Structures are given as structure tokens and as C-alpha cells.
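Listing of model_35.txt; format and content: compact mmCIF, C-alpha atoms and all ligand atoms.
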```txt
# COMPACT_ATOMS: atom_id res chain seq x y z
CA MET A 30 7.71 24.71 -47.49
CA PRO A 31 4.75 27.06 -47.00
CA HIS A 32 2.15 26.51 -44.28
CA THR A 33 -0.80 26.48 -46.65
CA ALA A 34 -2.76 24.86 -43.84
CA ASN A 35 -2.53 28.07 -41.81
CA ASP A 36 -4.32 30.26 -44.38
CA PRO A 37 -6.86 32.21 -42.27
CA LYS A 38 -9.29 32.50 -45.19
CA LYS A 39 -9.67 28.75 -45.52
CA GLN A 40 -13.00 27.17 -44.58
CA SER A 41 -13.92 23.53 -44.46
CA TRP A 42 -16.87 21.68 -45.94
CA ILE A 43 -17.17 20.14 -42.47
CA SER A 44 -19.14 22.56 -40.35
CA VAL A 45 -17.15 24.19 -37.55
CA LYS A 46 -18.76 26.15 -34.73
CA GLN A 47 -17.55 29.71 -34.15
CA ASP A 48 -15.82 28.92 -30.85
CA SER A 49 -14.45 25.51 -31.86
CA ASP A 50 -10.86 24.65 -30.91
CA PHE A 51 -10.56 22.69 -34.13
CA PRO A 52 -11.06 24.84 -37.25
CA ILE A 53 -9.46 23.65 -40.51
CA GLN A 54 -6.34 25.65 -39.54
CA ASN A 55 -5.65 23.39 -36.54
CA ILE A 56 -5.40 19.79 -37.84
CA PRO A 57 -4.04 18.13 -34.71
CA PHE A 58 -2.98 14.49 -34.54
CA GLY A 59 -4.29 11.78 -32.24
CA VAL A 60 -5.02 8.08 -31.93
CA PHE A 61 -8.51 6.69 -31.51
CA LEU A 62 -10.51 3.50 -31.37
CA THR A 63 -13.35 3.52 -33.94
CA ARG A 64 -16.90 2.17 -33.61
CA ASP A 65 -15.62 -1.03 -35.28
CA ASP A 66 -12.95 -1.44 -32.60
CA VAL A 67 -10.17 -0.52 -35.00
CA ILE A 68 -7.31 1.58 -33.70
CA THR A 69 -6.13 4.32 -36.04
CA ILE A 70 -4.30 7.61 -36.26
CA GLY A 71 -6.58 10.51 -36.94
CA THR A 72 -7.21 14.21 -36.98
CA ARG A 73 -10.19 16.39 -36.16
CA ILE A 74 -12.09 19.24 -37.80
CA GLY A 75 -14.97 20.76 -35.82
CA ASP A 76 -16.75 17.87 -34.14
CA LYS A 77 -15.73 15.24 -36.70
CA ALA A 78 -12.85 12.83 -36.20
CA ILE A 79 -11.10 11.80 -39.40
CA ASP A 80 -9.54 8.36 -39.86
CA LEU A 81 -6.16 8.99 -41.52
CA GLY A 82 -5.45 5.26 -41.84
CA ALA A 83 -8.56 4.83 -43.99
CA LEU A 84 -7.85 8.01 -45.97
CA HIS A 85 -4.38 6.72 -46.79
CA GLN A 86 -5.70 3.28 -47.82
CA LEU A 87 -8.20 5.00 -50.12
CA GLY A 88 -5.30 6.75 -51.86
CA TYR A 89 -5.74 10.32 -50.67
CA PHE A 90 -2.06 10.71 -49.70
CA GLU A 91 -0.60 9.18 -52.84
CA ASN A 92 1.73 12.10 -53.60
CA ILE A 93 3.41 11.98 -50.20
CA PRO A 94 6.13 9.41 -49.49
CA LEU A 95 4.55 7.47 -46.60
CA THR A 96 4.75 3.79 -45.73
CA ASP A 97 1.44 1.93 -46.24
CA ASP A 98 0.80 1.36 -42.56
CA ILE A 99 2.05 4.70 -41.19
CA PHE A 100 -1.41 5.65 -39.89
CA LEU A 101 -2.60 2.12 -39.07
CA GLN A 102 -0.80 2.16 -35.76
CA ASP A 103 -1.61 2.57 -32.12
CA SER A 104 0.83 5.45 -31.67
CA LEU A 105 2.15 8.43 -33.61
CA ASN A 106 5.82 7.56 -32.93
CA ASP A 107 6.69 6.35 -36.45
CA PHE A 108 4.90 9.26 -38.11
CA ILE A 109 6.68 11.69 -35.79
CA SER A 110 9.99 9.97 -36.71
CA ASP A 111 9.36 10.88 -40.36
CA GLY A 112 10.24 14.48 -39.48
CA LYS A 113 9.00 17.98 -39.95
CA LYS A 114 8.86 17.94 -43.75
CA THR A 115 6.45 14.99 -43.73
CA TRP A 116 4.30 16.46 -40.94
CA ARG A 117 3.88 19.59 -43.06
CA LEU A 118 3.10 17.72 -46.27
CA VAL A 119 0.43 15.68 -44.50
CA ARG A 120 -1.08 18.64 -42.69
CA ASN A 121 -1.18 20.71 -45.88
CA ARG A 122 -2.78 17.82 -47.78
CA ILE A 123 -5.49 17.30 -45.13
CA SER A 124 -6.18 21.01 -45.24
CA GLU A 125 -6.52 20.89 -49.04
CA LEU A 126 -8.80 17.85 -48.99
CA PHE A 127 -11.25 19.30 -46.48
CA GLU A 128 -11.27 22.81 -47.97
CA LYS A 129 -14.73 24.01 -48.96
CA ASN A 130 -14.14 24.08 -52.71
CA ASN A 131 -12.36 20.74 -52.93
CA GLN A 132 -14.69 18.07 -54.34
CA GLU A 133 -12.33 15.05 -54.19
CA LEU A 134 -13.73 13.57 -51.00
CA GLN A 135 -16.76 15.64 -50.06
CA ASN A 136 -18.90 14.29 -52.90
CA ASN A 137 -17.85 10.68 -52.38
CA LYS A 138 -20.46 9.68 -49.82
CA GLU A 139 -19.13 6.14 -49.54
CA HIS A 140 -15.62 7.32 -48.67
CA CYS A 141 -16.97 9.97 -46.27
CA LYS A 142 -18.82 7.22 -44.41
CA ILE A 143 -15.57 5.31 -44.00
CA VAL A 144 -13.32 8.15 -42.84
CA LEU A 145 -15.58 10.47 -40.80
CA PHE A 146 -16.76 9.78 -37.26
CA ASP A 147 -18.85 11.63 -34.73
CA LEU A 148 -16.97 12.14 -31.49
CA ASP A 149 -19.28 9.81 -29.57
CA GLU A 150 -18.35 6.98 -31.95
CA ILE A 151 -14.67 7.05 -31.03
CA GLU A 152 -12.55 6.67 -27.94
CA MET A 153 -9.38 8.74 -27.75
CA GLN A 154 -6.20 6.88 -26.74
CA LEU A 155 -2.77 7.97 -25.60
CA PRO A 156 -1.41 9.48 -28.85
CA VAL A 157 2.22 8.47 -28.39
CA GLN A 158 4.13 5.71 -26.74
CA ILE A 159 6.12 7.88 -24.39
CA GLY A 160 9.60 6.50 -23.92
CA ASP A 161 10.96 9.09 -21.57
CA TYR A 162 9.24 11.88 -19.71
CA THR A 163 10.91 14.94 -18.22
CA ASP A 164 9.21 17.60 -16.14
CA PHE A 165 10.73 21.07 -16.05
CA TYR A 166 10.16 23.77 -13.45
CA SER A 167 10.26 26.74 -15.79
CA SER A 168 7.72 29.24 -14.45
CA LYS A 169 9.49 31.89 -12.41
CA GLU A 170 6.25 32.85 -10.68
CA HIS A 171 5.59 29.24 -9.65
CA ALA A 172 9.16 28.63 -8.45
CA THR A 173 9.05 31.91 -6.51
CA ASN A 174 5.72 31.07 -4.87
CA VAL A 175 6.88 27.60 -3.83
CA GLY A 176 10.23 28.92 -2.60
CA THR A 177 8.45 31.64 -0.60
CA MET A 178 6.09 29.15 1.05
CA PHE A 179 8.57 26.39 1.83
CA ARG A 180 11.92 28.10 2.27
CA ASP A 181 12.69 31.80 2.44
CA PRO A 182 10.63 34.66 0.95
CA ASN A 183 13.83 36.71 0.63
CA ASN A 184 15.65 34.01 -1.32
CA ALA A 185 12.72 32.25 -2.94
CA LEU A 186 14.64 31.17 -6.04
CA LEU A 187 17.59 28.85 -5.52
CA PRO A 188 20.89 30.18 -6.96
CA ASN A 189 20.76 27.93 -10.05
CA TRP A 190 17.21 28.79 -11.12
CA LEU A 191 17.96 31.81 -13.32
CA HIS A 192 20.82 29.96 -15.06
CA ILE A 193 19.38 26.48 -15.71
CA PRO A 194 15.99 25.24 -16.91
CA VAL A 195 15.64 23.03 -13.81
CA GLY A 196 13.93 19.68 -14.39
CA TYR A 197 13.71 16.05 -13.28
CA HIS A 198 13.19 12.73 -14.99
CA GLY A 199 9.64 11.53 -14.45
CA ARG A 200 7.97 8.26 -15.23
CA SER A 201 6.10 7.65 -18.46
CA SER A 202 4.19 4.58 -17.20
CA SER A 203 1.74 6.73 -15.27
CA ILE A 204 0.87 9.17 -18.07
CA ILE A 205 -2.76 8.63 -19.04
CA PRO A 206 -5.18 10.23 -21.49
CA SER A 207 -7.95 12.63 -20.49
CA GLY A 208 -11.04 10.99 -19.01
CA ILE A 209 -9.35 8.27 -16.96
CA PRO A 210 -10.02 8.76 -13.23
CA VAL A 211 -7.16 8.84 -10.75
CA HIS A 212 -7.04 7.25 -7.30
CA ARG A 213 -5.92 9.33 -4.35
CA PRO A 214 -2.42 7.97 -3.70
CA MET A 215 -1.30 6.26 -0.51
CA GLY A 216 2.10 7.07 0.84
CA GLN A 217 4.38 8.19 3.61
CA THR A 218 4.08 11.65 5.11
CA LEU A 219 5.29 13.52 8.15
CA PRO A 220 2.31 14.98 10.06
CA LEU A 221 2.74 18.60 11.17
CA GLY A 222 4.54 18.78 14.52
CA SER A 223 5.46 15.09 14.51
CA SER A 224 8.89 13.58 14.23
CA GLU A 225 7.67 10.17 13.03
CA PRO A 226 6.18 9.55 9.57
CA VAL A 227 2.85 7.82 8.98
CA TYR A 228 1.43 5.75 6.12
CA GLY A 229 -1.97 6.67 4.69
CA PRO A 230 -3.86 8.44 1.92
CA SER A 231 -2.39 11.76 0.81
CA GLN A 232 -4.31 14.64 2.40
CA ARG A 233 -3.02 17.21 -0.08
CA VAL A 234 -3.76 16.08 -3.62
CA ASP A 235 -3.20 18.88 -6.10
CA PHE A 236 -3.21 19.54 -9.83
CA GLU A 237 -0.40 21.22 -11.75
CA LEU A 238 -1.44 23.29 -14.76
CA GLU A 239 1.19 22.42 -17.35
CA MET A 240 1.72 21.98 -21.07
CA ALA A 241 4.03 19.40 -22.59
CA PHE A 242 5.80 19.02 -25.91
CA ILE A 243 6.45 15.83 -27.86
CA THR A 244 9.78 15.39 -29.63
CA THR A 245 10.97 13.54 -32.71
CA ASP A 246 14.29 11.66 -32.90
CA ALA A 247 16.60 14.54 -32.27
CA ASN A 248 20.21 13.41 -31.89
CA LEU A 249 22.69 10.64 -31.37
CA LEU A 250 23.95 9.87 -27.90
CA GLY A 251 26.71 12.38 -27.16
CA GLU A 252 25.43 15.00 -29.59
CA PRO A 253 23.93 18.21 -28.18
CA ILE A 254 21.06 19.99 -29.97
CA PRO A 255 21.86 23.67 -30.55
CA VAL A 256 19.24 26.02 -29.15
CA ASP A 257 18.64 27.55 -32.61
CA GLU A 258 17.75 24.14 -34.08
CA ALA A 259 15.80 22.76 -31.14
CA GLU A 260 12.35 23.75 -32.40
CA ASP A 261 12.83 21.58 -35.52
CA TYR A 262 12.61 18.54 -33.26
CA ILE A 263 9.37 19.49 -31.53
CA PHE A 264 6.30 17.88 -33.09
CA GLY A 265 3.59 19.53 -31.04
CA MET A 266 2.04 20.27 -27.69
CA VAL A 267 -0.66 19.01 -25.32
CA LEU A 268 -2.31 20.12 -22.08
CA PHE A 269 -0.92 18.32 -19.08
CA ASN A 270 -2.21 17.87 -15.54
CA ASP A 271 0.73 16.69 -13.44
CA TRP A 272 -1.22 15.36 -10.43
CA SER A 273 0.78 15.90 -7.24
CA ALA A 274 0.59 14.84 -3.59
CA ARG A 275 1.99 17.82 -1.70
CA ASP A 276 2.34 16.12 1.69
CA ILE A 277 4.20 13.13 0.22
CA GLN A 278 6.32 15.55 -1.83
CA LYS A 279 7.28 17.64 1.19
CA TRP A 280 8.57 14.62 3.13
CA GLU A 281 10.33 12.78 0.31
CA TYR A 282 11.87 15.43 -1.95
CA VAL A 283 15.12 16.09 -0.08
CA PRO A 284 17.75 15.56 -1.44
CA LEU A 285 16.90 14.03 -4.85
CA GLY A 286 13.67 15.78 -5.78
CA PRO A 287 10.16 14.56 -6.61
CA PHE A 288 9.48 10.83 -6.56
CA LEU A 289 6.23 9.11 -5.51
CA ALA A 290 4.39 12.41 -5.03
CA LYS A 291 4.42 12.79 -8.81
CA ASN A 292 4.34 9.39 -10.49
CA PHE A 293 0.89 8.13 -9.46
CA ALA A 294 -0.71 9.84 -12.47
CA SER A 295 -0.30 12.63 -15.01
CA SER A 296 -3.15 13.29 -17.44
CA MET A 297 -2.72 14.61 -20.98
CA SER A 298 -5.09 15.99 -23.60
CA PRO A 299 -5.43 13.52 -26.49
CA TRP A 300 -4.94 15.76 -29.55
CA ILE A 301 -1.38 16.91 -30.26
CA VAL A 302 -1.47 20.41 -31.73
CA THR A 303 1.54 20.90 -34.01
CA ILE A 304 4.05 23.71 -33.61
CA ASP A 305 3.20 24.54 -37.23
CA ALA A 306 -0.41 25.23 -36.25
CA LEU A 307 0.77 27.45 -33.39
CA GLU A 308 3.01 29.62 -35.64
CA PRO A 309 0.58 32.60 -35.83
CA PHE A 310 0.56 32.81 -32.04
CA ARG A 311 4.28 33.26 -31.41
CA VAL A 312 5.30 35.84 -28.82
CA LYS A 313 8.50 36.83 -27.07
CA GLY A 314 9.00 35.24 -23.67
CA PRO A 315 9.84 37.21 -20.51
CA GLU A 316 13.13 39.10 -20.49
CA GLN A 317 15.91 36.91 -19.10
CA ASN A 318 18.16 38.56 -16.57
CA PRO A 319 20.93 37.56 -15.97
CA GLU A 320 21.67 36.72 -19.57
CA PRO A 321 21.80 32.92 -20.03
CA LEU A 322 25.06 31.20 -20.97
CA ALA A 323 25.78 31.11 -24.72
CA TYR A 324 24.38 27.61 -25.32
CA LEU A 325 21.03 28.73 -23.88
CA LYS A 326 20.82 32.15 -25.50
CA SER A 327 17.76 32.37 -27.72
CA SER A 328 16.30 35.28 -29.63
CA GLY A 329 13.07 36.10 -31.39
CA LYS A 330 9.58 34.90 -30.61
CA LYS A 331 10.16 31.56 -28.93
CA SER A 332 7.06 31.45 -26.76
CA PHE A 333 3.37 31.08 -27.61
CA ASP A 334 0.31 33.00 -26.50
CA ILE A 335 -1.84 30.13 -25.20
CA ASN A 336 -4.68 30.96 -22.81
CA LEU A 337 -5.05 28.37 -20.08
CA GLU A 338 -7.83 27.80 -17.58
CA VAL A 339 -8.74 25.26 -14.93
CA ASP A 340 -12.19 24.27 -13.67
CA LEU A 341 -12.85 22.41 -10.44
CA ILE A 342 -16.14 20.48 -10.63
CA PRO A 343 -17.37 18.92 -7.38
CA GLU A 344 -19.28 15.63 -7.65
CA ASN A 345 -22.82 16.44 -8.86
CA GLY A 346 -21.96 20.11 -8.52
CA GLU A 347 -21.32 23.18 -10.59
CA ALA A 348 -17.99 23.95 -12.25
CA LEU A 349 -15.94 26.87 -11.01
CA THR A 350 -13.07 28.32 -13.03
CA ILE A 351 -10.38 28.59 -10.38
CA THR A 352 -7.51 30.00 -12.41
CA LYS A 353 -6.62 31.59 -15.74
CA SER A 354 -3.01 31.57 -16.83
CA ASN A 355 -1.02 31.67 -20.09
CA PHE A 356 1.84 29.62 -21.55
CA LYS A 357 3.64 32.87 -22.49
CA TYR A 358 4.55 33.46 -18.81
CA MET A 359 7.12 30.63 -18.96
CA TYR A 360 10.59 31.99 -18.21
CA TRP A 361 12.49 29.27 -20.08
CA ASN A 362 11.19 28.42 -23.56
CA MET A 363 10.95 24.95 -25.13
CA ALA A 364 14.03 25.48 -27.35
CA GLN A 365 16.09 26.32 -24.27
CA GLN A 366 14.70 23.32 -22.40
CA LEU A 367 15.61 20.93 -25.23
CA ALA A 368 19.06 22.50 -25.74
CA HIS A 369 19.76 22.23 -22.04
CA HIS A 370 18.41 18.66 -21.85
CA THR A 371 20.88 17.53 -24.55
CA VAL A 372 23.89 19.74 -23.77
CA ASN A 373 25.56 16.77 -22.06
CA GLY A 374 24.76 14.49 -25.00
CA CYS A 375 21.55 12.97 -23.60
CA LYS A 376 19.64 11.27 -26.42
CA VAL A 377 16.07 12.32 -27.18
CA ASN A 378 13.75 9.98 -29.07
CA SER A 379 10.53 10.17 -31.04
CA GLY A 380 7.62 10.27 -28.62
CA ASP A 381 9.53 11.63 -25.66
CA MET A 382 7.57 14.09 -23.60
CA MET A 383 8.83 17.22 -21.88
CA ALA A 384 6.45 19.05 -19.59
CA SER A 385 6.76 22.72 -18.73
CA GLY A 386 6.29 22.61 -15.00
CA THR A 387 3.38 24.42 -13.35
CA ILE A 388 2.48 27.55 -15.33
CA SER A 389 1.68 30.32 -12.87
CA GLY A 390 1.03 33.89 -13.94
CA PRO A 391 1.93 37.09 -12.07
CA THR A 392 -1.38 37.55 -10.21
CA PRO A 393 -3.00 35.32 -7.55
CA ASP A 394 -5.90 34.48 -9.89
CA SER A 395 -3.44 33.06 -12.42
CA TYR A 396 -1.61 30.56 -10.22
CA GLY A 397 -1.31 27.05 -11.64
CA SER A 398 -1.90 24.84 -8.56
CA MET A 399 -4.11 24.61 -5.47
CA LEU A 400 -0.94 24.93 -3.38
CA GLU A 401 -0.49 28.47 -4.68
CA LEU A 402 -4.16 29.43 -5.14
CA THR A 403 -4.97 28.60 -1.49
CA TRP A 404 -1.44 29.47 -0.31
CA ALA A 405 -0.85 26.00 1.18
CA GLY A 406 -4.42 25.82 2.47
CA LYS A 407 -4.49 29.19 4.27
CA ASN A 408 -7.00 30.77 1.87
CA PRO A 409 -9.53 28.10 0.83
CA ILE A 410 -11.39 28.45 -2.46
CA LYS A 411 -15.13 28.85 -2.11
CA LEU A 412 -17.14 26.79 -4.60
CA LYS A 413 -20.58 27.74 -5.94
CA ASP A 414 -22.35 25.39 -3.51
CA GLY A 415 -20.66 27.18 -0.59
CA SER A 416 -18.23 24.38 0.20
CA GLU A 417 -14.54 25.10 0.46
CA ARG A 418 -11.43 23.51 -0.98
CA LYS A 419 -7.89 23.69 0.32
CA PHE A 420 -6.84 20.83 -1.92
CA ILE A 421 -8.72 18.42 -4.20
CA GLU A 422 -11.35 16.16 -2.63
CA ASP A 423 -12.55 12.71 -3.70
CA GLY A 424 -15.15 13.06 -6.44
CA ASP A 425 -13.78 16.38 -7.71
CA THR A 426 -13.03 16.65 -11.42
CA ILE A 427 -10.24 18.89 -12.70
CA THR A 428 -10.66 20.15 -16.26
CA MET A 429 -7.98 22.15 -18.05
CA ARG A 430 -8.51 23.98 -21.32
CA GLY A 431 -6.10 25.82 -23.59
CA TYR A 432 -6.55 27.91 -26.72
CA CYS A 433 -4.93 30.58 -28.87
CA LYS A 434 -7.01 33.31 -30.44
CA ASN A 435 -6.32 36.13 -32.89
CA LYS A 436 -8.56 38.23 -35.10
CA ASP A 437 -8.78 35.44 -37.68
CA TYR A 438 -9.35 32.24 -35.78
CA ARG A 439 -8.95 30.18 -32.66
CA ILE A 440 -6.67 27.15 -32.30
CA GLY A 441 -7.32 25.06 -29.22
CA PHE A 442 -6.25 21.93 -27.44
CA GLY A 443 -9.66 20.72 -26.31
CA GLU A 444 -9.38 19.65 -22.70
CA VAL A 445 -7.76 17.32 -20.24
CA SER A 446 -10.31 16.32 -17.64
CA SER A 447 -10.10 13.70 -14.91
CA LYS A 448 -11.77 12.84 -11.65
CA LEU A 449 -10.11 12.09 -8.32
CA LEU A 450 -11.34 8.82 -6.82
CA PRO A 451 -10.91 7.60 -3.22
CA PRO A 452 -7.79 5.52 -2.54
CA PHE A 453 -7.57 2.21 -4.36
CA ASP A 454 -9.44 -0.49 -2.46
CA PRO A 455 -7.89 -3.95 -3.04
CA LYS A 456 -11.16 -5.61 -1.89
CA LYS A 457 -13.09 -3.93 -4.67
CA GLY A 458 -10.49 -4.85 -7.28
CA LYS A 459 -8.93 -2.86 -10.01
CA LYS A 460 -12.02 -0.99 -11.20
CA SER A 461 -13.08 0.36 -7.81
MN MN B 1 5.01 19.09 -12.50
```
Would you mind writing the structure in this file as C-alpha cells?
Ligand code: MN
Amino acid sequence: MPHTANDPKKQSWISVKQDSDFPIQNIPFGVFLTRDDVITIGTRIGDKAIDLGALHQLGYFENIPLTDDIFLQDSLNDFISDGKKTWRLVRNRISELFEKNNQELQNNKEHCKIVLFDLDEIEMQLPVQIGDYTDFYSSKEHATNVGTMFRDPNNALLPNWLHIPVGYHGRSSSIIPSGIPVHRPMGQTLPLGSSEPVYGPSQRVDFELEMAFITTDANLLGEPIPVDEAEDYIFGMVLFNDWSARDIQKWEYVPLGPFLAKNFASSMSPWIVTIDALEPFRVKGPEQNPEPLAYLKSSGKKSFDINLEVDLIPENGEALTITKSNFKYMYWNMAQQLAHHTVNGCKVNSGDMMASGTISGPTPDSYGSMLELTWAGKNPIKLKDGSERKFIEDGDTITMRGYCKNKDYRIGFGEVSSKLLPPFDPKKGKKS
């Protein structure tokens, strides 16, 4: 089936600013609450959100086999379960309907009023009900930096790293959409030079610049997904800030890996950009040496050229872009991650989320965490107001953006942005 939605010549009758992340070639999927307090699945062109539930009820998808309530849901899980063919049919149809010369909807003012929303009239929700969440550790630069700081600069990578896309099972209950503030976590740490741990607020709260992919139902329990087929089961991608407490992490992670340092919050961007929309931005990943085992061997352009940047915005202060990285630096690609994840027969479901791990580039200005940017606090970052940051302080907002760009157009992810609050205060109650 052709990607008619990716035609670079296409323009929409909805106006789209030059530098918008959401031209008619994007057509991401999300879930939002409308001005009438109705929850619906939608898409976005320019600065207009489009209610797909209403569009479907009005008959605009009549030639596509969809159940009546497929878009009248509070998550994309069922739609994602319908599979790649349906995603493409729907995306192509939306593209056709909003194309400049198509009169079907644009001249029907009454219908336009029902399906189109300004962004300030809606509230974005978590787009999927995430059953299981896995976080990989697939950036060689990041793993090398962390290994250099915490273990041995001469043997920064552990012996398995170049053979396995290393990962751990995270917790989906603490994944939240962009905009929701995060409390500084309390926990147990071992102060420097002490032999006894203490309980208190983490002193080293960090972000992790990551992306994550959302899967469809991929296999039966016991059935591995071959690396060559793995991409068929990936619906799309989001930006992902995997908030981390470095001091808690350092004390707790031996021998079973990350635990409470990671599951207090992870923030995701609300619009899922489909792999179909990212097709024009495919690139080859880094060369893999030693050659991976046969079940992990992948060829062709399996990575994507996605520019990533992070701003730190102090409370009432000016934003500073503190790093610029790119998804293409990832050593292990998503197909390899999914093939590895299922090689033992592990079942993957619709709405599962797999995050990349921190995406660090080769140069110090492209590192994907404060831990690396400040080299564990040794080289603080100077903000525009003259203040310094070793890690994130209360009141700071972390905003991540991601976009692809070629000579024809730009496809972006919008942003994931959230503020760090002081530790939760039980006296003030839940909304402190
Ligand atoms: Mn992570």
C-alpha cells in the first residue's frame, strides 16, 4: 500500500506555519479531552486538533473497515491492535480529506465546527494504556560515559554490551504525559565517604533524553519476532524523559539494576508519530563491531535522523538549550531491540512501550543527561542568569523537542515538558 500521506507536494487547507512539527505529512495520533469534556482519539495538522471520533461518526471513514467506536476511546490500544494496514488506510484518508483541493469537509462549516479544535480548547492525555514498559540502554556513547565515570575508563563497556541490547523492565504506572509536574523523590542514599545510608530527598535529580516506541500485538507467548519483521509491529514513536535520581540509583542498582531511582516518573510527548511518517528520514545506524549474532543481524536503513534538543528553564528564568543530540546515534536499532526482547518467547502487546535509553552523541555538547553534561557535577552548567546547575533544582522545567527535516518538509514530535517540584509534602496533600 502506498504512503500517499507522505507526498511532499501535498498542502492542507488548514494553515500550517513554516516551522511547524505537524504539516499534513505528519498526521500523528493522540488522545485528548475536548472543550465539552469528551475524550476522543485525534490527530493534528498545524495548530488544529482533529477529533477522529467525530469524523468517523459523520461518515468520513466509511470505506475503511473500522468498528464504530474505534476512535471513541480513551486510548489508542484497540486502533493499534488493528495493525499496520489499517493505520495506513486511516492516515492516507486523513491526508486526502485535509488536502487543499478536497472539498468534502472544508466547505461543510457545521462539520468543521464539530471536528476541529484550537489547541487551547483541548487537553492532551496519555495516548496509550501502557501494559508493559521496557527501558533499553542502547547508546554506546552514554554507556561508555557512565562506565567511565562509575567503573573503569579502560573497560567502560561491560563485556555483554556489544552483543546484547541491554535493557530492564520498568514500571508503566509512573509514565505521565507532558505538562504534569514531578515531585523530587525521597529515598535511600549512601552519602559520600559514609558507610551508613540515609533517608531523604534525592540530591541528584536528572533527566534522560530518550525516545520510545509503541508496539502492536506482536506474537504469541513462546514465539520470537524475527529481526526482519520487527518493524511491522512498531506503531510509532514519542519523546521520552526518563527522570532519574542518580544518588538513589548509585546505592540501589547492584546487583539487579535500576529500581526506585527510575520509577518515580517518566514523561512522554502526547502525539505518537507513526513509523510511516518517519519513512523519508531513514538512515543507517552506526557500524556494529563485533558483528551481532544471527538473530540480531539487521541490514539497510534501520535508524532515523531525528534531531533532539533539551532546554533547562529555571523558575521565572530564561531557557537555555543544554544539549543537542540525534536518535541516529543509537547503536542498537528498534528492530534489534524488539527481536532481542522476544527471542526467548516474551509476549509483546498492543500499547507496550520500549524506550531507547539515554541518547548521547559523540561530543560533550550532545550528551543526553546532566550526569554526563556536568560529568557527575564536576563541570556545572552556567545558566543565562549566572546561576549554575550540577543537577536539576526544584522549580526547573525540562523541555525536550525532536524533529526530522529534509529539503521538502519537517516532521516533529512537539515537546515533552515538565517541571520538578519540591518533595511531596503530606501536610499539603496530593496537589502540593
Ligand atoms: Mn532510562
**Request:** Please identify every polymer residue within 12 Å of ligand MN 1 (chain B), using only C-alpha atoms and all ligand atoms, and present the set as a ChimeraX atom specification.
**Result:** /A:162-168,171-172,195-200,235-241,269-275,278,286-288,290-292,294-296,383-389,397-398
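Comparing the minimum interatomic distances between A:Phe453 and each of A:Tyr432, A:Tyr358, A:Phe293, A:Trp300, counting all atoms listed in the file, we find that A:Phe293 sits nearest.
The residue that comes closest to A:Met359, out of A:Pro31, A:Pro194, A:Pro214, A:Pro57 and on the basis of all atoms listed in the file, is A:Pro194.
Of note, atom CA of A:Gln365 and atom CA of A:Tyr324 are spaced 8.5 Å apart.
Neighbours of A:Lys448 closer than or equal to 7 Å, with all atoms listed in the file counted and sequence neighbours fewer than 4 positions away skipped, come out as Pro210, Val211, Gly424, Asp425, Thr426 and Ile427 of chain A.
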**Request:** Considering only C-alpha atoms, return as a ChimeraX atom specification whatever protein or nucleic-acid residues lie within 7 Å of A:Phe356, sequence-local ones (same chain, fewer than 6 positions apart) excluded.
**Result:** /A:333-336,388
**Asked** Near stretch 371-377 of chain A, within 8 Å and counting all atoms listed in the file, which residues show up once chain neighbours fewer than 4 positions away are dropped, as a ChimeraX atom specification?
**Response** /A:244-254,367,381
**Request:** Would you kindly return, as a ChimeraX atom specification, each protein, DNA or RNA residue with an atom no farther than 10 Å from any atom of A:Glu125, considering all atoms listed in the file and excluding same-chain residues fewer than 4 positions away?
**Result:** /A:33-34,39,41,53,119-121,129-131,133
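Across A:Asn362, A:Ile143, A:Phe90, A:Leu322, the tightest approach to A:Thr63 is made by A:Ile143 when counting all atoms listed in the file.
Between atom CA of A:Val445 and atom CA of A:Gly208 the separation is 7.2 Å.
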